[in-house]
Amino acid sequence: KIWIVDWIALVVLFLYSVLLLSGFLVGSIDLNDLISPSFYLGDGRVFLSYIPLLYFSVATIRPNDLEKFLKLLVYLAITIFSLFFIWFVARPNLLSGGAAGNFHALMTSHHGAGALFSIVSIFFFIIGFEMKNKLYFVLATFMLLAVFSTASRSSILGLAVCAFWYGMTKVSYKAKAIMALYCLIAIVAMPLVSPHTFDRSKAIFSMDAVESIVATLDNTNWEPGLEATYEGREVNVLQRVLHWSYSIKRFLDSPLFGMGFGRYNDVNLRFSEVSLLGTFATRGTKITNSSTAHNSIFHMLSETGIIGLFSMLLIWSGIFFRSRNMSARSIKGSLEHAYFDVCQAVVIFIVTGAMFGHWFAAPSIAIPALTLLGLGMALD
């Protein structure tokens, strides 16, 4: 146990070292940034995100602590649904966010809210399914309704991928049919609970969206700081297309180490080529904000190259396979067995969401997920 937990914690520390060294070498960060609150609202958010893993690598967790955590999540789910019910009936501004007034439950981001509610829904669905507890099914459904109302399409896609994985790998044919029926009912319920979310999700598959994406791909000279023009209504999707194109271009210039940590948002970049190592953004106007490539893979590749991305993926894949091994070693029908299945599903959920946002480095998403995952790591 100690070797495996320490191994994952050491990878986190190695990732921190890579990011800091990269940032110092290209001049995007200095020692003063490390004590500046604004740094941790922007590029430094990644350092906050993995604190739970470092804590649980040295924490002592007993099996009965799982039961306490389960009760805590029950209270959390009841609180979230209570806020959702108030929002659904009265639509108070305090619980709403975005231009459409979606359900944010006091959180600043609809993706942060959607991810949190999704993680809780995954938790209770799998725990309820494996322990045959109808109350947990009800709580999972309540959380699903809350997810729909956040209008977070990334969260909904992540849940769909989790459901497919769980249905294909963890349950019997009869259970697969039950899950398929549950998913069908959820799809039918979405336009009733949140028409805005349903319309946004449906619009992605329209011909207008496809044509707009093709047209936007022609604008390959865009970079942060330049004004972008979009031909189409799906602005969020088209923004991602531009960011992804820029990220890939920066990665191809320096595949091994990237252009330098903290340089993605900076403008007026000047590059220096180092033989055999790559091209680095050694000068530029520093911009402090939370803007990202809207894709953790592309963002990491553009700033830290293969080295940084490999370190990040090693953390998440290590947690996944560790959870899978612990699930195989635990007794079916027990809370421990279900919990380790939850851990695997949460990793899949986060990795899916990371394809459309920088979820690997978003504290509002990563901290809840890694708290749940870290608790499982410390159980072994």
# chains A, B, ... in the order shown; residues from 1 in each chain; ligands from 1
>>> select_by_dssp(residues="region 177-334 of chain A", states="strand (DSSP E or B)", output="PyMOL selection string")
chain A and resi 267-274+278-285
>>> write_last_selection(atoms="N, CA and C atoms", output="PDB file, in the first residue's frame")
ATOM      1  N   VAL A 267       0.196  37.212 -24.159  1.00  0.00           N
ATOM      2  CA  VAL A 267       0.098  37.770 -25.513  1.00  0.00           C
ATOM      3  C   VAL A 267       1.444  38.371 -25.914  1.00  0.00           C
ATOM      4  N   ASN A 268       1.557  38.725 -27.196  1.00  0.00           N
ATOM      5  CA  ASN A 268       2.795  39.299 -27.751  1.00  0.00           C
ATOM      6  C   ASN A 268       3.994  38.378 -27.480  1.00  0.00           C
ATOM      7  N   LEU A 269       3.783  37.102 -27.681  1.00  0.00           N
ATOM      8  CA  LEU A 269       4.835  36.131 -27.377  1.00  0.00           C
ATOM      9  C   LEU A 269       5.998  36.229 -28.372  1.00  0.00           C
ATOM     10  N   ARG A 270       7.197  36.062 -27.836  1.00  0.00           N
ATOM     11  CA  ARG A 270       8.402  35.968 -28.664  1.00  0.00           C
ATOM     12  C   ARG A 270       9.065  34.632 -28.357  1.00  0.00           C
ATOM     13  N   PHE A 271       9.448  33.913 -29.396  1.00  0.00           N
ATOM     14  CA  PHE A 271       9.903  32.540 -29.213  1.00  0.00           C
ATOM     15  C   PHE A 271      11.407  32.418 -29.443  1.00  0.00           C
ATOM     16  N   SER A 272      12.007  31.511 -28.677  1.00  0.00           N
ATOM     17  CA  SER A 272      13.430  31.186 -28.839  1.00  0.00           C
ATOM     18  C   SER A 272      13.547  29.695 -29.119  1.00  0.00           C
ATOM     19  N   GLU A 273      14.289  29.357 -30.169  1.00  0.00           N
ATOM     20  CA  GLU A 273      14.443  27.955 -30.536  1.00  0.00           C
ATOM     21  C   GLU A 273      15.721  27.391 -29.930  1.00  0.00           C
ATOM     22  N   VAL A 274      15.590  26.261 -29.256  1.00  0.00           N
ATOM     23  CA  VAL A 274      16.729  25.585 -28.669  1.00  0.00           C
ATOM     24  C   VAL A 274      16.924  24.268 -29.421  1.00  0.00           C
ATOM     25  N   GLY A 278      13.288  22.234 -28.694  1.00  0.00           N
ATOM     26  CA  GLY A 278      12.022  22.803 -29.119  1.00  0.00           C
ATOM     27  C   GLY A 278      12.057  24.315 -29.152  1.00  0.00           C
ATOM     28  N   THR A 279      10.882  24.896 -29.313  1.00  0.00           N
ATOM     29  CA  THR A 279      10.711  26.346 -29.373  1.00  0.00           C
ATOM     30  C   THR A 279       9.950  26.801 -28.138  1.00  0.00           C
ATOM     31  N   PHE A 280      10.515  27.775 -27.416  1.00  0.00           N
ATOM     32  CA  PHE A 280       9.949  28.191 -26.139  1.00  0.00           C
ATOM     33  C   PHE A 280       9.562  29.673 -26.169  1.00  0.00           C
ATOM     34  N   ALA A 281       8.444  29.982 -25.485  1.00  0.00           N
ATOM     35  CA  ALA A 281       7.963  31.365 -25.413  1.00  0.00           C
ATOM     36  C   ALA A 281       8.686  32.071 -24.270  1.00  0.00           C
ATOM     37  N   THR A 282       9.861  32.614 -24.564  1.00  0.00           N
ATOM     38  CA  THR A 282      10.713  33.191 -23.522  1.00  0.00           C
ATOM     39  C   THR A 282      10.381  34.646 -23.209  1.00  0.00           C
ATOM     40  N   ARG A 283       9.568  35.278 -24.055  1.00  0.00           N
ATOM     41  CA  ARG A 283       9.158  36.658 -23.785  1.00  0.00           C
ATOM     42  C   ARG A 283       7.695  36.827 -24.155  1.00  0.00           C
ATOM     43  N   GLY A 284       7.020  37.730 -23.452  1.00  0.00           N
ATOM     44  CA  GLY A 284       5.622  37.992 -23.734  1.00  0.00           C
ATOM     45  C   GLY A 284       4.995  38.861 -22.669  1.00  0.00           C
ATOM     46  N   THR A 285       3.821  39.370 -22.960  1.00  0.00           N
ATOM     47  CA  THR A 285       3.065  40.181 -21.995  1.00  0.00           C
ATOM     48  C   THR A 285       2.246  39.260 -21.114  1.00  0.00           C
TER      49      THR A 285
END
>>> select_by_dssp(residues="region 240-359 of chain A", states="helix (DSSP H, G or I)", output="number ranges by chain")
A: 240-253, 296-329, 335-353, 359
>>> residues_around(residues="region 302-312 of chain A", least_positions_apart="6", cutoff="7 Å", atoms="only C-alpha atoms", output="PyMOL selection string")
chain A and resi 11+15+18+247-248+250-251+254-261+263-264
>>> closest_atom_pairs(of="region 12-79 of chain A", to="region 141-151 of chain A", cutoff="12 Å", atoms="only C-alpha atoms", output="Markdown table")
| residue | atom | partner | partner_atom | distance |
| --- | --- | --- | --- | --- |
| A:Leu73 | CA | A:Met143 | CA | 11.4 |
| A:Val74 | CA | A:Met143 | CA | 11.0 |
| A:Leu76 | CA | A:Met143 | CA | 10.3 |
| A:Ala77 | CA | A:Met143 | CA | 6.9 |
| A:Ile78 | CA | A:Phe142 | CA | 8.7 |
| A:Thr79 | CA | A:Met143 | CA | 10.5 |
>>> write_last_selection(atoms="N, CA, C and O atoms", output="mmCIF file, in the first residue's frame")
data_model
loop_
_atom_site.group_PDB
_atom_site.id
_atom_site.type_symbol
_atom_site.label_atom_id
_atom_site.label_comp_id
_atom_site.auth_asym_id
_atom_site.auth_seq_id
_atom_site.Cartn_x
_atom_site.Cartn_y
_atom_site.Cartn_z
ATOM 1 N N LEU A 73 -22.203 12.494 2.243
ATOM 2 C CA LEU A 73 -22.707 12.711 0.892
ATOM 3 C C LEU A 73 -24.227 12.662 0.837
ATOM 4 O O LEU A 73 -24.836 13.335 -0.003
ATOM 5 N N VAL A 74 -24.833 11.897 1.715
ATOM 6 C CA VAL A 74 -26.299 11.899 1.788
ATOM 7 C C VAL A 74 -26.788 13.293 2.168
ATOM 8 O O VAL A 74 -27.704 13.842 1.541
ATOM 9 N N LEU A 76 -25.152 16.062 1.784
ATOM 10 C CA LEU A 76 -24.824 16.966 0.683
ATOM 11 C C LEU A 76 -25.862 16.857 -0.428
ATOM 12 O O LEU A 76 -26.314 17.882 -0.973
ATOM 13 N N ALA A 77 -26.254 15.637 -0.773
ATOM 14 C CA ALA A 77 -27.237 15.433 -1.834
ATOM 15 C C ALA A 77 -28.585 16.043 -1.462
ATOM 16 O O ALA A 77 -29.250 16.670 -2.297
ATOM 17 N N ILE A 78 -28.984 15.880 -0.224
ATOM 18 C CA ILE A 78 -30.257 16.450 0.229
ATOM 19 C C ILE A 78 -30.202 17.974 0.169
ATOM 20 O O ILE A 78 -31.168 18.639 -0.256
ATOM 21 N N THR A 79 -29.060 18.544 0.553
ATOM 22 C CA THR A 79 -28.901 20.000 0.497
ATOM 23 C C THR A 79 -28.961 20.501 -0.942
ATOM 24 O O THR A 79 -29.650 21.488 -1.233
#
>>> closest_residue(among="A:Asp253, A:Lys170, A:Asn289, A:Asn265", to="Leu277 (chain A)", atoms="only C-alpha atoms")
A:Asp253
>>> residues_around(residues="Thr288 (chain A)", least_positions_apart="4", cutoff="12 Å", atoms="only C-alpha atoms", output="PDB file with N, CA, C and O atoms, in the first residue's frame")
ATOM      1  N   SER A  28       7.656  32.938 -17.317  1.00  0.00           N
ATOM      2  CA  SER A  28       6.214  33.201 -17.171  1.00  0.00           C
ATOM      3  C   SER A  28       5.796  33.351 -15.714  1.00  0.00           C
ATOM      4  O   SER A  28       4.754  33.926 -15.415  1.00  0.00           O
ATOM      5  N   ILE A  29       6.594  32.808 -14.795  1.00  0.00           N
ATOM      6  CA  ILE A  29       6.316  32.956 -13.371  1.00  0.00           C
ATOM      7  C   ILE A  29       7.623  33.252 -12.638  1.00  0.00           C
ATOM      8  O   ILE A  29       8.709  32.984 -13.144  1.00  0.00           O
ATOM      9  N   ASP A  33       5.077  35.154  -7.594  1.00  0.00           N
ATOM     10  CA  ASP A  33       3.793  34.562  -8.003  1.00  0.00           C
ATOM     11  C   ASP A  33       3.338  33.489  -7.017  1.00  0.00           C
ATOM     12  O   ASP A  33       2.134  33.321  -6.788  1.00  0.00           O
ATOM     13  N   SER A  36       1.303  34.967  -4.371  1.00  0.00           N
ATOM     14  CA  SER A  36       0.267  35.891  -4.844  1.00  0.00           C
ATOM     15  C   SER A  36      -1.062  35.163  -5.023  1.00  0.00           C
ATOM     16  O   SER A  36      -1.123  34.178  -5.762  1.00  0.00           O
ATOM     17  N   PRO A  37      -2.135  35.625  -4.370  1.00  0.00           N
ATOM     18  CA  PRO A  37      -3.448  34.971  -4.537  1.00  0.00           C
ATOM     19  C   PRO A  37      -3.912  34.937  -5.987  1.00  0.00           C
ATOM     20  O   PRO A  37      -4.565  33.975  -6.408  1.00  0.00           O
ATOM     21  N   SER A  38      -3.573  35.973  -6.762  1.00  0.00           N
ATOM     22  CA  SER A  38      -4.034  36.026  -8.155  1.00  0.00           C
ATOM     23  C   SER A  38      -3.445  34.882  -8.980  1.00  0.00           C
ATOM     24  O   SER A  38      -4.067  34.404  -9.931  1.00  0.00           O
ATOM     25  N   PHE A  39      -2.239  34.427  -8.608  1.00  0.00           N
ATOM     26  CA  PHE A  39      -1.620  33.309  -9.329  1.00  0.00           C
ATOM     27  C   PHE A  39      -2.465  32.051  -9.211  1.00  0.00           C
ATOM     28  O   PHE A  39      -2.618  31.285 -10.164  1.00  0.00           O
ATOM     29  N   TYR A  40      -3.063  31.847  -8.033  1.00  0.00           N
ATOM     30  CA  TYR A  40      -3.855  30.639  -7.793  1.00  0.00           C
ATOM     31  C   TYR A  40      -5.294  30.772  -8.290  1.00  0.00           C
ATOM     32  O   TYR A  40      -6.084  29.844  -8.149  1.00  0.00           O
ATOM     33  N   LEU A  41      -5.611  31.931  -8.877  1.00  0.00           N
ATOM     34  CA  LEU A  41      -6.875  32.086  -9.584  1.00  0.00           C
ATOM     35  C   LEU A  41      -6.695  31.850 -11.082  1.00  0.00           C
ATOM     36  O   LEU A  41      -7.672  31.774 -11.822  1.00  0.00           O
ATOM     37  N   GLY A  42      -5.437  31.754 -11.497  1.00  0.00           N
ATOM     38  CA  GLY A  42      -5.135  31.539 -12.909  1.00  0.00           C
ATOM     39  C   GLY A  42      -4.329  30.273 -13.108  1.00  0.00           C
ATOM     40  O   GLY A  42      -4.780  29.163 -12.813  1.00  0.00           O
ATOM     41  N   ASP A  43      -3.089  30.442 -13.572  1.00  0.00           N
ATOM     42  CA  ASP A  43      -2.250  29.277 -13.890  1.00  0.00           C
ATOM     43  C   ASP A  43      -1.984  28.397 -12.681  1.00  0.00           C
ATOM     44  O   ASP A  43      -1.814  27.173 -12.818  1.00  0.00           O
ATOM     45  N   GLY A  44      -1.932  28.983 -11.488  1.00  0.00           N
ATOM     46  CA  GLY A  44      -1.603  28.220 -10.292  1.00  0.00           C
ATOM     47  C   GLY A  44      -2.707  27.321  -9.775  1.00  0.00           C
ATOM     48  O   GLY A  44      -2.507  26.604  -8.778  1.00  0.00           O
ATOM     49  N   ARG A  45      -3.856  27.341 -10.412  1.00  0.00           N
ATOM     50  CA  ARG A  45      -4.970  26.505  -9.941  1.00  0.00           C
ATOM     51  C   ARG A  45      -4.618  25.021  -9.948  1.00  0.00           C
ATOM     52  O   ARG A  45      -5.143  24.253  -9.135  1.00  0.00           O
ATOM     53  N   GLY A 262       2.365  28.327 -18.135  1.00  0.00           N
ATOM     54  CA  GLY A 262       1.865  29.669 -17.856  1.00  0.00           C
ATOM     55  C   GLY A 262       1.868  30.601 -19.043  1.00  0.00           C
ATOM     56  O   GLY A 262       1.516  31.772 -18.911  1.00  0.00           O
ATOM     57  N   ARG A 263       2.257  30.106 -20.203  1.00  0.00           N
ATOM     58  CA  ARG A 263       2.330  30.973 -21.385  1.00  0.00           C
ATOM     59  C   ARG A 263       1.071  30.939 -22.240  1.00  0.00           C
ATOM     60  O   ARG A 263       0.949  31.744 -23.174  1.00  0.00           O
ATOM     61  N   TYR A 264       0.135  30.051 -21.964  1.00  0.00           N
ATOM     62  CA  TYR A 264      -0.997  29.904 -22.884  1.00  0.00           C
ATOM     63  C   TYR A 264      -1.795  31.200 -23.018  1.00  0.00           C
ATOM     64  O   TYR A 264      -2.211  31.574 -24.113  1.00  0.00           O
ATOM     65  N   ASN A 265      -2.032  31.905 -21.899  1.00  0.00           N
ATOM     66  CA  ASN A 265      -2.857  33.113 -21.936  1.00  0.00           C
ATOM     67  C   ASN A 265      -2.072  34.365 -22.314  1.00  0.00           C
ATOM     68  O   ASN A 265      -2.674  35.395 -22.620  1.00  0.00           O
ATOM     69  N   ASP A 266      -0.744  34.307 -22.241  1.00  0.00           N
ATOM     70  CA  ASP A 266       0.069  35.495 -22.479  1.00  0.00           C
ATOM     71  C   ASP A 266      -0.010  35.924 -23.942  1.00  0.00           C
ATOM     72  O   ASP A 266      -0.237  35.108 -24.841  1.00  0.00           O
ATOM     73  N   VAL A 267       0.196  37.212 -24.159  1.00  0.00           N
ATOM     74  CA  VAL A 267       0.098  37.770 -25.513  1.00  0.00           C
ATOM     75  C   VAL A 267       1.444  38.371 -25.914  1.00  0.00           C
ATOM     76  O   VAL A 267       2.355  38.509 -25.097  1.00  0.00           O
ATOM     77  N   THR A 292      -8.316  28.902 -20.700  1.00  0.00           N
ATOM     78  CA  THR A 292      -7.566  27.698 -21.028  1.00  0.00           C
ATOM     79  C   THR A 292      -7.843  27.283 -22.464  1.00  0.00           C
ATOM     80  O   THR A 292      -8.608  27.933 -23.181  1.00  0.00           O
TER      81      THR A 292
END
>>> closest_atom_pairs(of="region 25-123 of chain A", to="region 195-216 of chain A", cutoff="12 Å", atoms="only C-alpha atoms", output="CSV")
residue,atom,partner,partner_atom,distance
A:Gly98,CA,A:His196,CA,11.8
A:Ala99,CA,A:His196,CA,11.1
A:Ala100,CA,A:His196,CA,7.8
A:Gly101,CA,A:His196,CA,9.9
A:Asn102,CA,A:His196,CA,8.5
A:Phe103,CA,A:Thr197,CA,10.8
A:His110,CA,A:Thr197,CA,11.4
A:Gly114,CA,A:Thr197,CA,11.6
>>> write_last_selection(atoms="C-alpha atoms", output="PDB file, in the first residue's frame")
ATOM      1  CA  GLY A  98     -25.224  32.454 -16.859  1.00  0.00           C
ATOM      2  CA  ALA A  99     -27.312  34.332 -19.375  1.00  0.00           C
ATOM      3  CA  ALA A 100     -30.037  31.669 -19.240  1.00  0.00           C
ATOM      4  CA  GLY A 101     -30.200  31.603 -15.430  1.00  0.00           C
ATOM      5  CA  ASN A 102     -29.219  27.942 -15.116  1.00  0.00           C
ATOM      6  CA  PHE A 103     -28.931  26.221 -11.748  1.00  0.00           C
ATOM      7  CA  HIS A 110     -21.952  25.756 -14.514  1.00  0.00           C
ATOM      8  CA  GLY A 114     -22.467  20.107 -13.152  1.00  0.00           C
TER       9      GLY A 114
END
>>> closest_atom_pairs(of="region 250-351 of chain A", to="region 56-64 of chain A", cutoff="12 Å", atoms="only C-alpha atoms", output="CSV")
residue,atom,partner,partner_atom,distance
A:Ile319,CA,A:Ser57,CA,11.9
A:Ser330,CA,A:Pro63,CA,11.8
A:Ser334,CA,A:Pro63,CA,10.8
A:Leu335,CA,A:Pro63,CA,8.9
A:Glu336,CA,A:Pro63,CA,7.6
A:His337,CA,A:Pro63,CA,11.3
A:Tyr339,CA,A:Pro63,CA,10.8
>>> write_last_selection(atoms="all heavy atoms", output="compact mmCIF listing (two decimals), in the first residue's frame")
# COMPACT_ATOMS: atom_id res chain seq x y z
N ILE A 319 -4.60 5.94 -10.58
CA ILE A 319 -5.75 5.85 -9.67
C ILE A 319 -6.78 4.87 -10.22
O ILE A 319 -7.36 4.06 -9.47
CB ILE A 319 -6.38 7.24 -9.47
CG1 ILE A 319 -5.40 8.18 -8.77
CG2 ILE A 319 -7.67 7.13 -8.64
CD1 ILE A 319 -5.88 9.61 -8.69
N SER A 330 -11.94 -6.95 -3.33
CA SER A 330 -12.94 -6.77 -2.27
C SER A 330 -14.16 -7.65 -2.52
O SER A 330 -14.34 -8.22 -3.60
CB SER A 330 -13.36 -5.30 -2.17
OG SER A 330 -13.82 -4.83 -3.43
N SER A 334 -20.28 -5.43 -1.04
CA SER A 334 -19.82 -4.64 0.10
C SER A 334 -19.68 -3.18 -0.30
O SER A 334 -19.58 -2.84 -1.49
CB SER A 334 -18.48 -5.17 0.60
OG SER A 334 -17.46 -4.94 -0.36
N LEU A 335 -19.66 -2.31 0.69
CA LEU A 335 -19.48 -0.89 0.43
C LEU A 335 -18.12 -0.62 -0.20
O LEU A 335 -18.00 0.22 -1.10
CB LEU A 335 -19.63 -0.10 1.74
CG LEU A 335 -19.42 1.43 1.66
CD1 LEU A 335 -20.39 2.05 0.65
CD2 LEU A 335 -19.58 2.07 3.03
N GLU A 336 -17.10 -1.36 0.25
CA GLU A 336 -15.76 -1.16 -0.29
C GLU A 336 -15.71 -1.48 -1.78
O GLU A 336 -15.14 -0.74 -2.58
CB GLU A 336 -14.73 -2.02 0.46
CG GLU A 336 -14.45 -1.58 1.88
CD GLU A 336 -15.49 -2.09 2.86
OE1 GLU A 336 -16.43 -2.81 2.42
OE2 GLU A 336 -15.39 -1.78 4.06
N HIS A 337 -16.33 -2.59 -2.17
CA HIS A 337 -16.34 -2.98 -3.59
C HIS A 337 -17.05 -1.93 -4.43
O HIS A 337 -16.54 -1.52 -5.49
CB HIS A 337 -17.04 -4.34 -3.74
CG HIS A 337 -17.02 -4.87 -5.14
ND1 HIS A 337 -17.96 -4.50 -6.09
CD2 HIS A 337 -16.16 -5.73 -5.77
CE1 HIS A 337 -17.69 -5.11 -7.22
NE2 HIS A 337 -16.61 -5.86 -7.06
N TYR A 339 -17.47 1.18 -3.69
CA TYR A 339 -16.73 2.44 -3.64
C TYR A 339 -15.61 2.45 -4.68
O TYR A 339 -15.39 3.46 -5.36
CB TYR A 339 -16.15 2.66 -2.25
CG TYR A 339 -15.64 4.08 -2.03
CD1 TYR A 339 -16.48 5.07 -1.54
CD2 TYR A 339 -14.32 4.42 -2.33
CE1 TYR A 339 -16.02 6.36 -1.35
CE2 TYR A 339 -13.86 5.70 -2.14
CZ TYR A 339 -14.71 6.67 -1.65
OH TYR A 339 -14.25 7.95 -1.46
>>> closest_residue(among="A:Leu252, A:Met168, A:Val138, A:Ala354", to="Ile297 (chain A)", atoms="only C-alpha atoms")
A:Ala354
>>> atom_distance(atom1="CA of Thr108 (chain A)", atom2="CA of Ala189 (chain A)")
25.7 Å
>>> atom_distance(atom1="CA of Ala362 (chain A)", atom2="CA of Phe47 (chain A)")
9.7 Å
>>> atom_distance(atom1="CA of Trp222 (chain A)", atom2="CA of Tyr246 (chain A)")
6.8 Å
